[in-house]
Amino acid sequence: MTERIVMDFFWNYIVVFLLILTVVVFVHELGHYLVARWNGVKVEVFSIGFGPEIWGFNDKSGTRWRFSLLPLGGYVKMFGDADEASATAADIPMTEAEKEQSFRHKRVGQRAAIVFAGPAANFVFAIVGLALMFMVLGQPVTEPVIGQVHPDTAAAAAGLKVGDRILVVNGKAVDRFQEIQRIVRLDIDRPLEMDIDRDGAMISIVAQPRVVERKGLFGDMEKVPVLGISADTHRTTIVHYGPASALWQAIKETGQMVSSTFVGIGQMISGTRDSDELGGPIRIAKGAGEAAQVGFASVVFYTILLSLNLGLINLFPIPVLDGGHLVFYAAEAIFGRPLGEKAQEYGFRIGLFLVLALMVFATRNDIVSLPVWDAVKRLL
């Protein structure tokens, strides 16, 4: 029995997590690679993972494709990047032919395009993945009609009833029950003002969702605002789209996910949302494992969600991340020359500190959210 539990944990959590992460990282680095090659830059290494090489091969263009020991990320090393001694292209004499293939000798617009291509590939992957899901599996669409009002909740206290059709929430017209769920999760800093159709009569109701701790979609414990209503399950249909409409729906859904992420980050900064919601590798692995137990479609959706988040995070204007490089390139384009070496060096140091601090904080949240943490606290 114990052996089976260990094997289930290994396959459903560790293996699935590493597979999902490998796909997302490969997509990101492939974006960098393709645009680099398109701009005539020689790519020396395409690595999935960090550290010593486990397996690899050389292609015709001289790129070393490899899997490395630590499979928690990846990178593309281009000709002209820093070498093992941290020497830059400015420190290494190059012939004109070598400069033609050097990343650092490309125009600022070309370098920016190569850097931006990584996050862009993650966004394209998410949009195409969602579009395929909408075409093959369909999109669940539920009418905004209340099927159940849970006792002792904000909805019950506000007077919502079974059969009420919710038309508007906080000034936003809603056509699907899923839109109500999104608004409840995001508008945590104010009450919900709702326009209701109750048996043909129009009424207005105000309710303040209550924040509770519960198990999330992919198994992680999360604090979320809860209104206390459930949809009418008989009013859900699965809509299958053609290629064009599926692509449009996927773009809209991706835009809503990105918008929701920015709203959530802003609320964490302002203090209206608990920063414990920020998770790291452990929580991602937990989510991957829970998705694997739900089914293949959940694994696909989780991969899409992780790809979108990776692309978005990498665009943050923090040195070390792609967004930080883009800020440097924007400054170079404005001033007509790169920022000084000292400015770039200090920028990357600050960026590295911020990224490491964020990783430590996220990992701390991961550990605290584990069930075993409660047992440890009781022992202490």
# chains A, B, ... in the order shown; residues from 1 in each chain; ligands from 1
>>> residues_around(residues="Tyr75 of chain A", least_positions_apart="5", cutoff="12 Å", atoms="only C-alpha atoms", output="list in words")
Thr22, Val25, Phe26, Val27, His28, Glu29, Leu30, Gly31, His32, Tyr33, Val43, Glu44, Val45, Phe46, Ser47, Ile48, Gly49, Phe50, Gly51, Arg64, Trp65, Arg66, Phe67, Ser68, Asp81, Val115, Gly118, Leu321 and Asp322 of chain A
>>> select_by_dssp(residues="segment 4-187 of chain A", states="alpha helix (DSSP H)", output="PyMOL selection string")
chain A and resi 4-9+16-38+96-101+108-136+154-158+177-186
>>> residues_around(residues="Ile180 of chain A", least_positions_apart="5", cutoff="8 Å", atoms="only C-alpha atoms", output="VMD selection string")
chain A and resid 144 169 174
>>> residues_around(residues="Ala333 of chain A", least_positions_apart="3", cutoff="12 Å", atoms="only C-alpha atoms", output="NGL selection string")
:A and (107-112 or 326-330 or 336-339)
>>> write_last_selection(atoms="N, CA and C atoms", output="short mmCIF file (atom, residue, chain, number, x, y, z; two decimals), in the first residue's frame")
data_model
loop_
_atom_site.label_atom_id
_atom_site.label_comp_id
_atom_site.auth_asym_id
_atom_site.auth_seq_id
_atom_site.Cartn_x
_atom_site.Cartn_y
_atom_site.Cartn_z
N ARG A 107 21.19 45.07 -34.22
CA ARG A 107 20.53 46.34 -33.91
C ARG A 107 19.65 46.17 -32.68
N VAL A 108 19.40 47.28 -31.99
CA VAL A 108 18.63 47.21 -30.75
C VAL A 108 17.24 46.64 -30.99
N GLY A 109 16.64 46.95 -32.13
CA GLY A 109 15.32 46.40 -32.44
C GLY A 109 15.34 44.90 -32.61
N GLN A 110 16.41 44.38 -33.21
CA GLN A 110 16.54 42.94 -33.38
C GLN A 110 16.73 42.25 -32.04
N ARG A 111 17.58 42.83 -31.19
CA ARG A 111 17.79 42.24 -29.86
C ARG A 111 16.51 42.24 -29.05
N ALA A 112 15.76 43.35 -29.14
CA ALA A 112 14.49 43.42 -28.41
C ALA A 112 13.51 42.37 -28.92
N LEU A 326 14.30 44.35 -21.93
CA LEU A 326 13.55 45.23 -22.83
C LEU A 326 13.60 46.68 -22.36
N VAL A 327 13.61 46.88 -21.03
CA VAL A 327 13.74 48.24 -20.50
C VAL A 327 15.10 48.83 -20.88
N PHE A 328 16.16 48.04 -20.75
CA PHE A 328 17.50 48.50 -21.15
C PHE A 328 17.54 48.84 -22.64
N TYR A 329 16.90 47.99 -23.46
CA TYR A 329 16.90 48.25 -24.90
C TYR A 329 16.08 49.49 -25.25
N ALA A 330 15.01 49.72 -24.50
CA ALA A 330 14.22 50.93 -24.73
C ALA A 330 15.05 52.17 -24.41
N GLY A 336 20.24 56.51 -27.83
CA GLY A 336 21.15 56.26 -28.93
C GLY A 336 22.38 55.48 -28.56
N ARG A 337 22.48 54.99 -27.36
CA ARG A 337 23.63 54.20 -26.92
C ARG A 337 23.20 53.34 -25.73
N PRO A 338 23.89 52.23 -25.49
CA PRO A 338 23.53 51.39 -24.33
C PRO A 338 23.80 52.12 -23.02
N LEU A 339 23.10 51.72 -21.98
CA LEU A 339 23.40 52.25 -20.65
C LEU A 339 24.82 51.83 -20.26
#
>>> closest_residue(among="A:Gly40, A:Gly163, A:Pro71, A:Gly323", to="Pro52 of chain A", atoms="only C-alpha atoms")
A:Pro71
>>> atom_distance(atom1="atom CA of Val239 of chain A", atom2="atom CA of Ile304 of chain A")
19.7 Å
>>> closest_residue(among="A:Thr261, A:Asn39, A:Thr254, A:Gln139", to="Gln101 of chain A", atoms="only C-alpha atoms")
A:Asn39
>>> residues_around(residues="Val41 of chain A", least_positions_apart="2", cutoff="10 Å", atoms="only C-alpha atoms", output="PyMOL selection string")
chain A and resi 33-39+43-44+78-80+98-106+110-111+114
>>> residues_around(residues="segment 241-246 of chain A", least_positions_apart="2", cutoff="6 Å", atoms="only C-alpha atoms", output="mmCIF file with N, CA, C and O atoms, in the first residue's frame")
data_model
loop_
_atom_site.group_PDB
_atom_site.id
_atom_site.type_symbol
_atom_site.label_atom_id
_atom_site.label_comp_id
_atom_site.auth_asym_id
_atom_site.auth_seq_id
_atom_site.Cartn_x
_atom_site.Cartn_y
_atom_site.Cartn_z
ATOM 1 N N ALA A 131 -7.725 27.590 -27.947
ATOM 2 C CA ALA A 131 -8.557 27.497 -29.149
ATOM 3 C C ALA A 131 -8.811 26.040 -29.520
ATOM 4 O O ALA A 131 -9.946 25.651 -29.861
ATOM 5 N N PHE A 134 -11.321 24.593 -27.137
ATOM 6 C CA PHE A 134 -12.684 25.057 -27.439
ATOM 7 C C PHE A 134 -13.248 24.351 -28.671
ATOM 8 O O PHE A 134 -14.454 24.122 -28.762
ATOM 9 N N MET A 135 -12.381 23.994 -29.614
ATOM 10 C CA MET A 135 -12.830 23.297 -30.818
ATOM 11 C C MET A 135 -13.114 21.821 -30.547
ATOM 12 O O MET A 135 -14.133 21.280 -30.986
ATOM 13 N N TRP A 248 -10.869 33.488 -31.524
ATOM 14 C CA TRP A 248 -11.312 34.752 -30.914
ATOM 15 C C TRP A 248 -11.660 34.556 -29.444
ATOM 16 O O TRP A 248 -11.297 35.360 -28.589
ATOM 17 N N GLN A 249 -12.376 33.475 -29.128
ATOM 18 C CA GLN A 249 -12.719 33.186 -27.736
ATOM 19 C C GLN A 249 -11.457 32.945 -26.912
ATOM 20 O O GLN A 249 -11.374 33.366 -25.750
#
>>> residues_around(residues="Arg210 of chain A", least_positions_apart="6", cutoff="7 Å", atoms="only C-alpha atoms", output="VMD selection string")
chain A and resid 154 225 to 227
